[in-house]
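Dropping target26.tsv in here (TSV, C-alpha atoms):
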chain	number	residue	atom	x	y	z
A	512	MET	CA	-76.77	-106.71	23.01
A	513	ILE	CA	-80.12	-108.38	23.52
A	514	GLN	CA	-83.13	-106.53	22.12
A	515	PRO	CA	-86.83	-107.39	21.63
A	516	THR	CA	-88.14	-108.20	18.17
A	517	VAL	CA	-88.44	-104.57	17.18
A	518	GLY	CA	-84.71	-104.22	17.68
A	519	PHE	CA	-83.11	-103.58	14.31
A	520	PHE	CA	-79.89	-102.59	16.09
A	521	LEU	CA	-77.93	-102.42	12.88
A	522	ALA	CA	-74.85	-103.82	14.60
A	523	ARG	CA	-72.02	-103.56	12.26
A	524	LEU	CA	-68.87	-102.71	10.61
A	525	ARG	CA	-71.35	-101.73	7.88
A	526	ALA	CA	-70.85	-99.89	4.66
A	527	GLY	CA	-68.75	-97.15	6.14
A	528	PHE	CA	-67.23	-99.49	8.62
A	529	ALA	CA	-65.07	-99.96	11.62
A	530	LEU	CA	-61.78	-99.68	9.87
A	531	TRP	CA	-61.68	-96.36	11.70
A	532	LEU	CA	-62.70	-97.32	15.22
A	533	ALA	CA	-59.35	-96.41	16.69
A	534	LEU	CA	-60.06	-92.75	15.92
A	535	TRP	CA	-61.49	-91.98	19.30
A	536	GLY	CA	-58.89	-90.75	21.74
A	537	LEU	CA	-59.82	-89.90	25.29
A	538	ALA	CA	-60.40	-86.30	26.16
A	539	PRO	CA	-60.85	-84.77	29.60
A	540	GLY	CA	-64.44	-84.92	30.77
A	541	ALA	CA	-65.02	-81.21	31.04
A	542	ALA	CA	-68.32	-80.10	32.57
A	543	GLY	CA	-68.59	-83.36	34.44
A	544	CYS	CA	-69.21	-85.62	31.41
A	545	ALA	CA	-68.14	-89.22	31.29
A	546	ALA	CA	-64.47	-89.78	30.54
A	547	GLY	CA	-63.69	-89.63	26.83
A	548	TYR	CA	-65.68	-86.62	25.71
A	549	ARG	CA	-67.00	-83.23	26.69
A	550	LEU	CA	-69.93	-81.07	25.65
A	551	ASP	CA	-69.22	-77.48	24.62
A	552	ALA	CA	-72.28	-75.24	24.78
A	553	VAL	CA	-73.05	-73.39	21.53
A	554	SER	CA	-76.02	-71.44	20.16
A	555	PHE	CA	-78.30	-72.44	17.30
A	556	ALA	CA	-76.80	-69.55	15.37
A	557	ASP	CA	-73.47	-71.39	15.55
A	558	LEU	CA	-74.91	-74.39	13.67
A	559	ARG	CA	-74.21	-73.74	9.99
A	560	GLY	CA	-77.26	-74.44	7.86
A	561	PHE	CA	-79.53	-75.09	10.82
A	562	SER	CA	-82.11	-72.46	9.88
A	563	GLN	CA	-82.40	-73.95	6.36
A	564	ASP	CA	-83.36	-77.43	7.57
A	565	ARG	CA	-86.78	-79.01	7.00
A	566	PHE	CA	-87.90	-78.89	10.62
A	567	GLY	CA	-91.34	-80.38	10.06
A	568	GLU	CA	-89.73	-83.54	8.66
A	569	ALA	CA	-87.32	-83.76	11.58
A	570	LEU	CA	-90.11	-83.21	14.11
A	571	LYS	CA	-92.21	-86.05	12.68
A	572	ILE	CA	-89.26	-88.43	13.03
A	573	PHE	CA	-88.55	-87.23	16.56
A	574	ALA	CA	-92.21	-87.84	17.48
A	575	LYS	CA	-92.13	-91.38	16.04
A	576	THR	CA	-89.14	-92.20	18.21
A	577	CYS	CA	-91.09	-90.93	21.20
A	578	ASP	CA	-93.67	-93.68	20.63
A	579	GLY	CA	-91.25	-96.14	22.22
A	580	PRO	CA	-89.97	-96.04	25.80
A	581	LEU	CA	-86.81	-94.09	26.53
A	582	ASN	CA	-84.04	-96.62	26.96
A	583	ALA	CA	-81.94	-96.76	30.12
A	584	THR	CA	-80.09	-93.49	29.95
A	585	PRO	CA	-76.33	-93.25	30.33
A	586	ALA	CA	-74.97	-90.62	32.70
A	587	ILE	CA	-75.00	-87.42	30.62
A	588	GLU	CA	-74.27	-84.09	32.23
A	589	GLY	CA	-77.30	-81.88	31.66
A	590	PHE	CA	-79.67	-84.55	30.42
A	591	ASP	CA	-83.14	-84.15	31.93
A	592	ARG	CA	-85.44	-87.15	31.44
A	593	LYS	CA	-88.50	-85.13	32.44
A	594	ALA	CA	-87.66	-82.47	29.87
A	595	GLN	CA	-87.32	-85.19	27.22
A	596	ALA	CA	-90.70	-86.61	28.21
A	597	GLU	CA	-92.20	-83.12	28.04
A	598	ALA	CA	-90.78	-82.57	24.54
A	599	CYS	CA	-92.10	-85.96	23.45
A	600	GLN	CA	-95.57	-85.21	24.73
A	601	ALA	CA	-95.59	-81.87	22.91
A	602	ALA	CA	-94.37	-83.52	19.69
A	603	ARG	CA	-97.00	-86.23	19.82
A	604	GLU	CA	-99.90	-83.95	20.73
A	605	GLY	CA	-98.89	-80.91	18.70
A	606	LYS	CA	-99.26	-78.63	21.70
A	607	GLY	CA	-98.75	-74.91	21.43
A	608	ALA	CA	-98.53	-72.49	18.56
A	609	GLU	CA	-94.80	-72.98	18.01
A	610	THR	CA	-93.51	-73.84	14.57
A	611	PRO	CA	-91.37	-76.97	14.11
A	612	GLN	CA	-88.25	-74.78	14.15
A	613	GLU	CA	-89.40	-73.09	17.34
A	614	PHE	CA	-90.07	-76.50	18.84
A	615	PHE	CA	-86.39	-77.43	18.60
A	616	GLU	CA	-85.02	-73.99	19.45
A	617	ARG	CA	-87.21	-73.55	22.55
A	618	ARG	CA	-87.13	-77.07	23.93
A	619	PHE	CA	-83.47	-77.98	23.34
A	620	ARG	CA	-79.99	-76.59	23.82
A	621	PRO	CA	-77.19	-77.50	21.37
A	622	TYR	CA	-73.77	-78.75	22.46
A	623	ARG	CA	-70.77	-79.61	20.33
A	624	ILE	CA	-69.47	-83.11	21.06
A	625	VAL	CA	-65.69	-83.10	21.50
A	626	ALA	CA	-64.08	-86.50	21.90
A	627	ASN	CA	-60.55	-86.13	20.56
A	628	ALA	CA	-57.78	-83.60	20.08
A	629	THR	CA	-59.13	-82.34	16.73
A	630	GLY	CA	-62.71	-81.97	17.93
A	631	ASP	CA	-63.97	-83.76	14.83
A	632	ALA	CA	-66.63	-86.44	14.72
A	633	PHE	CA	-66.53	-89.40	12.34
A	634	PHE	CA	-69.44	-90.47	10.15
A	635	THR	CA	-70.13	-93.61	8.18
A	636	GLY	CA	-73.20	-94.85	6.33
A	637	TYR	CA	-75.28	-98.01	6.42
A	638	TYR	CA	-78.20	-99.57	4.60
A	639	GLN	CA	-80.31	-102.72	4.48
A	640	PRO	CA	-79.06	-105.18	1.83
A	641	GLU	CA	-81.01	-107.87	-0.02
A	642	ILE	CA	-79.57	-111.37	-0.28
A	643	THR	CA	-81.00	-114.76	-1.31
A	644	GLY	CA	-81.93	-117.64	0.93
A	645	SER	CA	-84.17	-120.60	1.72
A	646	LEU	CA	-86.30	-121.61	4.68
A	647	THR	CA	-84.91	-125.13	4.37
A	648	PRO	CA	-81.27	-126.19	3.97
A	649	THR	CA	-80.21	-127.07	0.44
A	650	ALA	CA	-76.93	-127.51	-1.41
A	651	ALA	CA	-77.33	-123.93	-2.68
A	652	PHE	CA	-78.24	-122.51	0.73
A	653	PRO	CA	-76.37	-124.37	3.50
A	654	VAL	CA	-75.45	-121.62	5.99
A	655	PRO	CA	-77.94	-120.89	8.80
A	656	ALA	CA	-78.74	-117.51	10.30
A	657	TYR	CA	-79.62	-118.06	13.96
A	658	GLY	CA	-82.13	-116.54	16.31
A	659	PRO	CA	-80.90	-115.56	19.79
A	660	PRO	CA	-80.18	-118.70	21.82
A	661	PRO	CA	-82.09	-118.97	25.12
A	662	ASP	CA	-78.87	-119.24	27.14
A	663	LEU	CA	-77.51	-115.91	25.84
A	664	VAL	CA	-77.65	-113.13	28.44
A	665	LEU	CA	-76.42	-109.57	28.70
A	666	LEU	CA	-73.39	-109.29	30.91
A	667	PRO	CA	-73.59	-106.56	33.59
A	668	PRO	CA	-70.42	-104.44	33.81
A	669	ALA	CA	-69.73	-105.75	37.31
A	670	LYS	CA	-69.45	-109.28	35.89
A	671	ARG	CA	-66.97	-108.40	33.13
A	672	ALA	CA	-63.88	-109.71	34.88
A	673	GLY	CA	-61.66	-112.75	34.78
A	674	ALA	CA	-62.64	-115.05	31.92
A	675	LEU	CA	-65.49	-112.63	31.08
A	676	ALA	CA	-63.30	-109.52	30.85
A	677	GLY	CA	-64.07	-107.45	27.76
A	678	LEU	CA	-67.28	-109.33	26.95
A	679	ILE	CA	-70.75	-107.76	26.74
A	680	ALA	CA	-72.78	-111.00	26.75
A	681	ALA	CA	-72.27	-114.51	28.02
A	682	ARG	CA	-73.75	-117.99	28.27
A	683	ARG	CA	-75.75	-118.89	31.36
A	684	THR	CA	-75.19	-122.54	32.14
A	685	PRO	CA	-77.90	-124.76	33.69
A	686	ASN	CA	-76.36	-124.24	37.15
A	687	GLY	CA	-76.54	-120.45	36.74
A	688	ALA	CA	-72.85	-119.84	36.09
A	689	LEU	CA	-71.76	-117.39	33.38
A	690	THR	CA	-69.21	-118.48	30.79
A	691	PRO	CA	-67.93	-116.92	27.55
A	692	TYR	CA	-70.26	-117.58	24.64
A	693	PRO	CA	-68.82	-119.56	21.69
A	694	ASP	CA	-67.13	-117.33	19.14
A	695	ARG	CA	-67.77	-117.17	15.39
A	696	ALA	CA	-65.45	-120.04	14.55
A	697	ALA	CA	-67.00	-122.33	17.16
A	698	ILE	CA	-70.54	-121.48	16.05
A	699	GLU	CA	-69.69	-122.07	12.39
A	700	ASP	CA	-68.19	-125.41	13.43
A	701	GLY	CA	-71.47	-126.44	15.05
A	702	ALA	CA	-71.34	-125.23	18.67
A	703	LEU	CA	-75.04	-124.28	18.61
A	704	GLU	CA	-76.09	-127.70	17.34
A	705	ARG	CA	-75.81	-128.83	20.95
A	706	THR	CA	-77.70	-125.82	22.37
A	707	PRO	CA	-81.35	-126.54	23.25
A	708	GLY	CA	-83.67	-123.97	21.74
A	709	ALA	CA	-81.20	-122.55	19.22
A	710	ARG	CA	-83.30	-121.68	16.14
A	711	LYS	CA	-82.17	-121.63	12.52
A	712	LEU	CA	-84.26	-118.88	10.94
A	713	VAL	CA	-83.16	-119.11	7.31
A	714	TYR	CA	-80.37	-120.63	5.24
A	715	LEU	CA	-78.07	-118.42	3.18
A	716	ARG	CA	-75.77	-118.98	0.23
A	717	ASP	CA	-72.52	-118.84	2.20
A	718	ASN	CA	-70.81	-117.38	5.24
A	719	VAL	CA	-70.02	-114.20	3.29
A	720	ASP	CA	-73.71	-113.40	2.89
A	721	LEU	CA	-74.17	-114.14	6.59
A	722	PHE	CA	-71.28	-111.80	7.38
A	723	LEU	CA	-72.83	-109.06	5.21
A	724	ALA	CA	-76.15	-109.39	7.05
A	725	GLN	CA	-74.37	-109.35	10.40
A	726	VAL	CA	-72.22	-106.30	9.77
A	727	GLN	CA	-75.22	-104.40	8.40
A	728	GLY	CA	-77.27	-105.68	11.32
A	729	SER	CA	-80.19	-106.62	9.10
A	730	ALA	CA	-81.06	-107.92	5.67
A	731	ARG	CA	-83.94	-108.60	3.34
A	732	VAL	CA	-83.69	-112.25	2.30
A	733	ARG	CA	-85.32	-113.06	-1.03
A	734	LEU	CA	-86.59	-116.62	-0.61
A	735	THR	CA	-86.76	-119.25	-3.33
A	736	ASP	CA	-90.54	-118.80	-3.60
A	737	GLY	CA	-90.22	-115.03	-4.11
A	738	ARG	CA	-91.28	-113.94	-0.64
A	739	VAL	CA	-89.04	-111.69	1.47
A	740	LEU	CA	-87.92	-112.60	4.96
A	741	VAL	CA	-86.63	-109.63	6.95
A	742	LEU	CA	-83.80	-110.26	9.39
A	743	THR	CA	-83.35	-107.74	12.18
A	744	PHE	CA	-80.72	-107.60	14.88
A	745	ALA	CA	-81.61	-109.50	18.07
A	746	GLY	CA	-78.32	-109.84	19.92
A	747	LYS	CA	-74.63	-110.73	19.84
A	748	ASN	CA	-72.51	-113.45	21.36
A	749	GLY	CA	-70.61	-110.76	23.29
A	750	GLN	CA	-67.22	-111.67	21.87
A	751	PRO	CA	-64.89	-108.85	20.73
A	752	TYR	CA	-65.43	-107.32	17.33
A	753	THR	CA	-62.52	-107.21	14.85
A	754	ALA	CA	-62.62	-104.81	11.89
A	755	LEU	CA	-61.62	-107.06	8.99
A	756	ALA	CA	-61.06	-104.09	6.70
A	757	ARG	CA	-58.41	-102.79	9.07
A	758	VAL	CA	-56.73	-106.21	9.06
A	759	LEU	CA	-56.43	-106.13	5.27
A	760	VAL	CA	-55.10	-102.58	5.35
A	761	GLU	CA	-52.48	-103.62	7.89
A	762	ARG	CA	-51.52	-106.52	5.62
A	763	GLY	CA	-50.98	-104.13	2.72
A	764	VAL	CA	-53.88	-105.40	0.63
A	765	ALA	CA	-55.23	-101.86	0.17
A	766	THR	CA	-54.90	-98.37	1.54
A	767	PRO	CA	-57.59	-97.04	3.90
A	768	ALA	CA	-58.99	-94.89	1.09
A	769	GLU	CA	-59.25	-97.93	-1.20
A	770	MET	CA	-60.80	-100.29	1.34
A	771	THR	CA	-64.55	-100.34	0.74
A	772	MET	CA	-67.11	-102.97	1.69
A	773	ASP	CA	-67.16	-104.23	-1.91
A	774	ARG	CA	-63.37	-104.53	-1.89
A	775	LEU	CA	-63.48	-106.47	1.38
A	776	ILE	CA	-66.18	-108.89	0.16
A	777	GLN	CA	-64.38	-109.41	-3.16
A	778	TRP	CA	-61.12	-110.24	-1.37
A	779	ILE	CA	-62.80	-112.75	0.93
A	780	ARG	CA	-64.52	-114.59	-1.92
A	781	ALA	CA	-61.51	-114.45	-4.22
A	782	ASN	CA	-59.29	-115.99	-1.56
A	783	GLY	CA	-61.66	-118.85	-0.75
A	784	ILE	CA	-64.27	-119.41	1.94
A	785	GLY	CA	-63.83	-123.14	2.42
A	786	ARG	CA	-62.50	-124.30	5.79
A	787	GLY	CA	-58.85	-123.34	6.10
A	788	GLN	CA	-58.83	-121.01	3.10
A	789	PRO	CA	-57.64	-117.40	3.54
A	790	GLY	CA	-61.09	-115.83	3.09
A	791	ASP	CA	-62.62	-118.08	5.74
A	792	GLU	CA	-59.68	-117.56	8.08
A	793	LEU	CA	-60.14	-113.81	7.79
A	794	LEU	CA	-63.84	-114.07	8.66
A	795	ARG	CA	-62.99	-116.16	11.71
A	796	LEU	CA	-60.70	-113.43	13.06
A	797	ASN	CA	-63.89	-111.54	13.94
A	798	LYS	CA	-65.11	-113.49	16.97
A	799	SER	CA	-68.30	-111.45	17.20
A	800	PHE	CA	-71.44	-113.23	15.95
A	801	VAL	CA	-74.85	-111.59	15.46
A	802	PHE	CA	-78.23	-113.24	16.05
A	803	PHE	CA	-81.45	-112.18	14.36
A	804	ASN	CA	-85.19	-111.96	14.62
A	805	ALA	CA	-87.14	-112.71	11.45
A	806	HIS	CA	-90.52	-111.90	9.93
A	807	LEU	CA	-92.01	-112.24	6.48
A	808	GLU	CA	-92.53	-108.95	4.70
A	809	THR	CA	-96.18	-108.21	3.98
A	810	GLY	CA	-97.62	-105.42	1.90
A	811	ALA	CA	-95.46	-102.60	0.58
A	812	GLN	CA	-91.73	-102.68	1.15
A	813	ALA	CA	-91.09	-100.93	4.45
A	814	GLN	CA	-88.09	-99.37	6.10
A	815	PRO	CA	-86.65	-101.43	8.96
A	816	ARG	CA	-87.03	-100.47	12.60
A	817	GLY	CA	-84.08	-99.30	14.63
A	818	GLY	CA	-82.99	-100.44	18.05
A	819	GLY	CA	-85.35	-97.90	19.60
A	820	GLY	CA	-88.34	-99.51	17.86
A	821	ALA	CA	-89.13	-96.70	15.41
A	822	PRO	CA	-88.98	-97.07	11.62
A	823	LEU	CA	-85.78	-95.68	10.19
A	824	THR	CA	-85.81	-92.75	7.78
A	825	PRO	CA	-83.05	-92.34	5.18
A	826	LEU	CA	-80.69	-89.47	6.01
A	827	ARG	CA	-82.62	-88.63	9.20
A	828	SER	CA	-81.94	-91.71	11.32
A	829	VAL	CA	-78.53	-92.37	12.83
A	830	ALA	CA	-77.00	-95.13	14.85
A	831	VAL	CA	-75.00	-94.01	17.88
A	832	ASP	CA	-73.14	-95.67	20.72
A	833	LYS	CA	-75.98	-96.69	23.01
A	834	ARG	CA	-73.58	-96.83	25.95
A	835	VAL	CA	-73.10	-93.06	25.57
A	836	TRP	CA	-76.34	-91.66	24.12
A	837	PRO	CA	-79.98	-92.71	24.61
A	838	TYR	CA	-82.35	-93.28	21.71
A	839	GLY	CA	-84.65	-90.44	20.83
A	840	LEU	CA	-82.30	-87.50	21.22
A	841	PRO	CA	-81.90	-85.16	18.25
A	842	PHE	CA	-78.45	-84.39	16.89
A	843	PHE	CA	-77.17	-82.04	14.21
A	844	ILE	CA	-74.61	-83.05	11.60
A	845	ASP	CA	-72.33	-80.58	9.83
A	846	ALA	CA	-70.06	-82.42	7.41
A	847	THR	CA	-69.07	-82.48	3.76
A	848	MET	CA	-69.54	-85.88	2.14
A	849	PRO	CA	-70.90	-87.52	-1.07
A	850	TRP	CA	-74.31	-88.14	0.45
A	851	ARG	CA	-76.41	-87.35	-2.63
A	852	ASN	CA	-74.09	-88.30	-5.51
A	853	ALA	CA	-70.39	-88.86	-6.15
A	854	GLU	CA	-69.46	-85.25	-5.46
A	855	PRO	CA	-68.96	-84.23	-1.80
A	856	GLU	CA	-71.30	-81.51	-0.60
A	857	PRO	CA	-72.39	-80.20	2.79
A	858	LEU	CA	-74.78	-82.34	4.80
A	859	ARG	CA	-76.23	-80.09	7.51
A	860	ARG	CA	-79.36	-81.39	9.12
A	861	LEU	CA	-81.11	-82.61	12.21
A	862	VAL	CA	-81.02	-86.35	12.75
A	863	VAL	CA	-82.45	-88.56	15.50
A	864	ALA	CA	-80.67	-91.36	17.39
A	865	GLN	CA	-82.76	-94.42	16.54
A	866	ASP	CA	-80.25	-97.24	16.29
A	867	THR	CA	-76.90	-98.57	17.45
A	868	GLY	CA	-74.27	-101.04	16.34
A	869	ALA	CA	-71.16	-102.94	17.38
A	870	ALA	CA	-68.89	-100.77	15.27
A	871	ILE	CA	-70.39	-97.50	16.49
A	872	VAL	CA	-68.05	-96.72	19.33
A	873	GLY	CA	-67.57	-93.40	21.08
A	874	ALA	CA	-69.42	-90.17	21.66
A	875	ALA	CA	-68.42	-88.39	18.44
A	876	ARG	CA	-69.46	-91.24	16.16
A	877	ALA	CA	-72.56	-91.76	14.04
A	878	ASP	CA	-73.69	-94.13	11.31
A	879	ILE	CA	-76.15	-92.50	8.90
A	880	TYR	CA	-78.98	-94.66	7.53
A	881	PHE	CA	-79.27	-94.46	3.73
A	882	GLY	CA	-82.16	-96.82	2.99
A	883	LEU	CA	-82.83	-100.11	1.22
A	884	GLY	CA	-81.05	-101.95	-1.56
A	885	GLY	CA	-78.07	-101.54	-3.82
A	886	GLU	CA	-78.28	-97.82	-4.64
A	887	ALA	CA	-78.49	-96.93	-0.96
A	888	GLY	CA	-75.64	-99.33	-0.29
A	889	ALA	CA	-73.43	-97.69	-2.90
A	890	ARG	CA	-73.96	-94.26	-1.37
A	891	ALA	CA	-73.52	-95.55	2.18
A	892	ALA	CA	-70.27	-97.27	1.23
A	893	ALA	CA	-68.75	-93.95	0.20
A	894	ILE	CA	-69.26	-92.34	3.60
A	895	ARG	CA	-66.15	-92.27	5.80
A	896	HIS	CA	-65.96	-88.59	6.59
A	897	HIS	CA	-65.15	-86.22	9.43
A	898	GLY	CA	-67.24	-83.27	10.52
A	899	GLN	CA	-68.96	-81.67	13.48
A	900	PHE	CA	-71.54	-83.48	15.60
A	901	TYR	CA	-73.87	-81.64	17.95
A	902	ILE	CA	-76.31	-83.03	20.49
A	903	LEU	CA	-79.54	-81.23	21.40
A	904	LEU	CA	-80.33	-81.73	25.08
A	905	PRO	CA	-83.90	-81.06	26.24
A	906	VAL	CA	-84.79	-78.27	28.63
A	907	ARG	CA	-87.99	-77.91	30.65
A	908	MET	CA	-90.59	-75.37	29.64
A	909	ARG	CA	-92.05	-73.04	32.22
A	910	THR	CA	-95.79	-72.64	32.55
A	911	GLY	CA	-97.04	-70.44	29.76
A	912	GLY	CA	-94.60	-71.75	27.16
A	913	GLY	CA	-91.41	-69.94	28.24
A	914	ARG	CA	-88.21	-71.60	29.36

What would the structure in this file look like if it were written as structure tokens?
Amino acid sequence: MIQPTVGFFLARLRAGFALWLALWGLAPGAAGCAAGYRLDAVSFADLRGFSQDRFGEALKIFAKTCDGPLNATPAIEGFDRKAQAEACQAAREGKGAETPQEFFERRFRPYRIVANATGDAFFTGYYQPEITGSLTPTAAFPVPAYGPPPDLVLLPPAKRAGALAGLIAARRTPNGALTPYPDRAAIEDGALERTPGARKLVYLRDNVDLFLAQVQGSARVRLTDGRVLVLTFAGKNGQPYTALARVLVERGVATPAEMTMDRLIQWIRANGIGRGQPGDELLRLNKSFVFFNAHLETGAQAQPRGGGGAPLTPLRSVAVDKRVWPYGLPFFIDATMPWRNAEPEPLRRLVVAQDTGAAIVGAARADIYFGLGGEAGARAAAIRHHGQFYILLPVRMRTGGGR
């Protein structure tokens, strides 16, 4: 998906990754929702742990997301754009005498998201890794990370037919025709060398580091002179995404419980990444290819921005399927997972939809942002857990502060 420079869009298999994408079965669209899920009305009293949350923290993050425009909203039964705008205005201006908890309880209604027979949601984690690179190609850093090519365009649903069936982006030729964009293998073999305006932003150690940046959707690149170049998601070639972890599980390399991001990367490197070697051939099975924006980091190390334009906050920002949910809506997670240390414990808190990604598919699906660097990556990698996922839909306030 094409996004302006603020678009972090952590598009990914990521640390928790898309080994599990086939989880989402279709469920009847009760209450008039889009096919594949329904919303069951509940009360805030039904949300375990809700009253113990740090509402002031959640409200600040909600308000930051409101600083950006509300993205084109999918068709959601009961979603009121004017009510969302009203809540955003109140959050930004601090109107009224309501406490942060009252803000959420008065201005929103909770609904349980049900998208499969069990009613469970599925959660993974992601983070922003740091890799090494160079602004010029060298023997040590030969693999380019590309900016979005000028001939890459989003593909409207009405155009996704024939040779373009199943694609979300395409190449616009000089005569205006739309054709499939080159896949990963073609790009790695030099397809963009012949594309006017295709920019090489930075050169990385190998195609595994490029893959890691692409599945996470962003990366901090430590340059040879010590500076840090931040890569953020800017678009995809529109080709179908293949979960490489699932491929290795199907081949018997590991069980689903054993297949972590580290295990996947180790297998790829151990089996060779030269042309024609098993590690490279595995990478090429994933036809999807991510393009980046880049900027040099200045000042203190900062959290990246999500697809909605707001800075991400560890354990409060989530990536959702943008085709289902708009940025800026609050959600509530109720799940048991090893989010703080190696021992699973309840995670029950408000989060805000601030990002999206290629591997985040379906209504009852969220990727939880864990932060920067290796420690955050280790915790994010452990998250592949089921639980309950609730959406908070805004309601309009009557004059005088009542509903």

Near Leu712 of chain A, within 9 Å and counting all atoms listed in the file, which residues show up once chain neighbours fewer than 2 positions away are dropped, as a PyMOL selection string? chain A and resi 646+655-658+710+714+742+803-805

Using only C-alpha atoms, which of the listed residues (A:Thr690, A:Gln865, A:Thr809, A:Asn748) sits closest to Pro825 of chain A? A:Gln865

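Note that atom CA of Ile879 of chain A and atom CA of Gly728 of chain A are 13.4 Å apart.
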
Skip Ala680 of chain A itself and residues of its chain fewer than 3 positions away, then list as a ChimeraX atom specification all residues within 8 Å of it, counting all atoms listed in the file. /A:512,663-666,691-692,747-750

Test item: residues at most 6 Å from Leu715 of chain A, only C-alpha atoms, excluding those fewer than 2 positions along its chain, as a list in words: Gly644, Phe652, Val654 and Asp717 of chain A

Residue among A:Pro611, A:Gly677, A:Pro640, A:Pro815 lying closest to Phe573 of chain A, counting only C-alpha atoms: A:Pro611

Provide the atom CA of Gln788 of chain A to atom CA of Gly701 of chain A distance in Å, to one decimal place. 18.2 Å

Could you please determine the separation between atom CA of Gly882 of chain A and atom CA of Ser828 of chain A in Å, to one decimal place? 9.8 Å

The residues within 7 Å of (-70.9, -83.5, 23.9), using all atoms listed in the file and the coordinates of the file, should be reported as a CSV table (one decimal) with C-alpha atoms, in the coordinates of the input; which are they?
chain,number,residue,atom,x,y,z
A,548,TYR,CA,-65.7,-86.6,25.7
A,549,ARG,CA,-67.0,-83.2,26.7
A,550,LEU,CA,-69.9,-81.1,25.6
A,551,ASP,CA,-69.2,-77.5,24.6
A,622,TYR,CA,-73.8,-78.8,22.5
A,623,ARG,CA,-70.8,-79.6,20.3
A,624,ILE,CA,-69.5,-83.1,21.1
A,625,VAL,CA,-65.7,-83.1,21.5
A,901,TYR,CA,-73.9,-81.6,18.0
A,902,ILE,CA,-76.3,-83.0,20.5

Rank nothing, just name the residue among A:Trp850, A:Phe722, A:Phe590, A:Phe619 nearest to Val553 of chain A, using all atoms listed in the file. A:Phe619

Contacts of segment 763-765 of chain A at 9 Å (all atoms listed in the file; same-chain gap of 4+ positions) as a PDB file with C-alpha atoms, keeping the file's coordinate frame:
ATOM      1  CA  VAL A 758     -56.730-106.210   9.060  1.00  0.00           C
ATOM      2  CA  LEU A 759     -56.430-106.130   5.270  1.00  0.00           C
ATOM      3  CA  GLU A 769     -59.250 -97.930  -1.200  1.00  0.00           C
ATOM      4  CA  MET A 770     -60.800-100.290   1.340  1.00  0.00           C
ATOM      5  CA  ARG A 774     -63.370-104.530  -1.890  1.00  0.00           C
ATOM      6  CA  TRP A 778     -61.120-110.240  -1.370  1.00  0.00           C
TER       7      TRP A 778
END

Dig up all the protein and nucleic acid residues within 8 Å of (-80.2, -92.0, 12.0) in the file frame, using only C-alpha atoms, and format them as a list in words. Leu823, Thr824, Pro825, Leu826, Arg827, Ser828, Val829, Ala830, Val862, Val863, Ala864, Gln865, Asp866, Ala877, Asp878, Ile879 and Tyr880 of chain A

Of the candidates A:Met908, A:Gly839, A:Pro660, A:Gln727, which one gets nearest to Arg683 of chain A if we count all atoms listed in the file? A:Pro660

Looking at all atoms listed in the file, which of A:Ser799, A:Val835, A:Gly673, A:Arg786 is the one that sits closest to Gln725 of chain A? A:Ser799

For segment 739-753 of chain A, take all atoms listed in the file, fit an axis-aligned box around them, add 5 Å to each of the six sides, then output centre and edge lengths in Å rounded to one decimal, as AutoDock Vina command-line options.
--center_x -75.8 --center_y -110.3 --center_z 12.4 --size_x 36.5 --size_y 16.2 --size_z 31.8

One residue among A:Leu570, A:Val719, A:Val760, A:Ile894 is nearest to Phe881 of chain A when using all atoms listed in the file, and that residue is A:Ile894
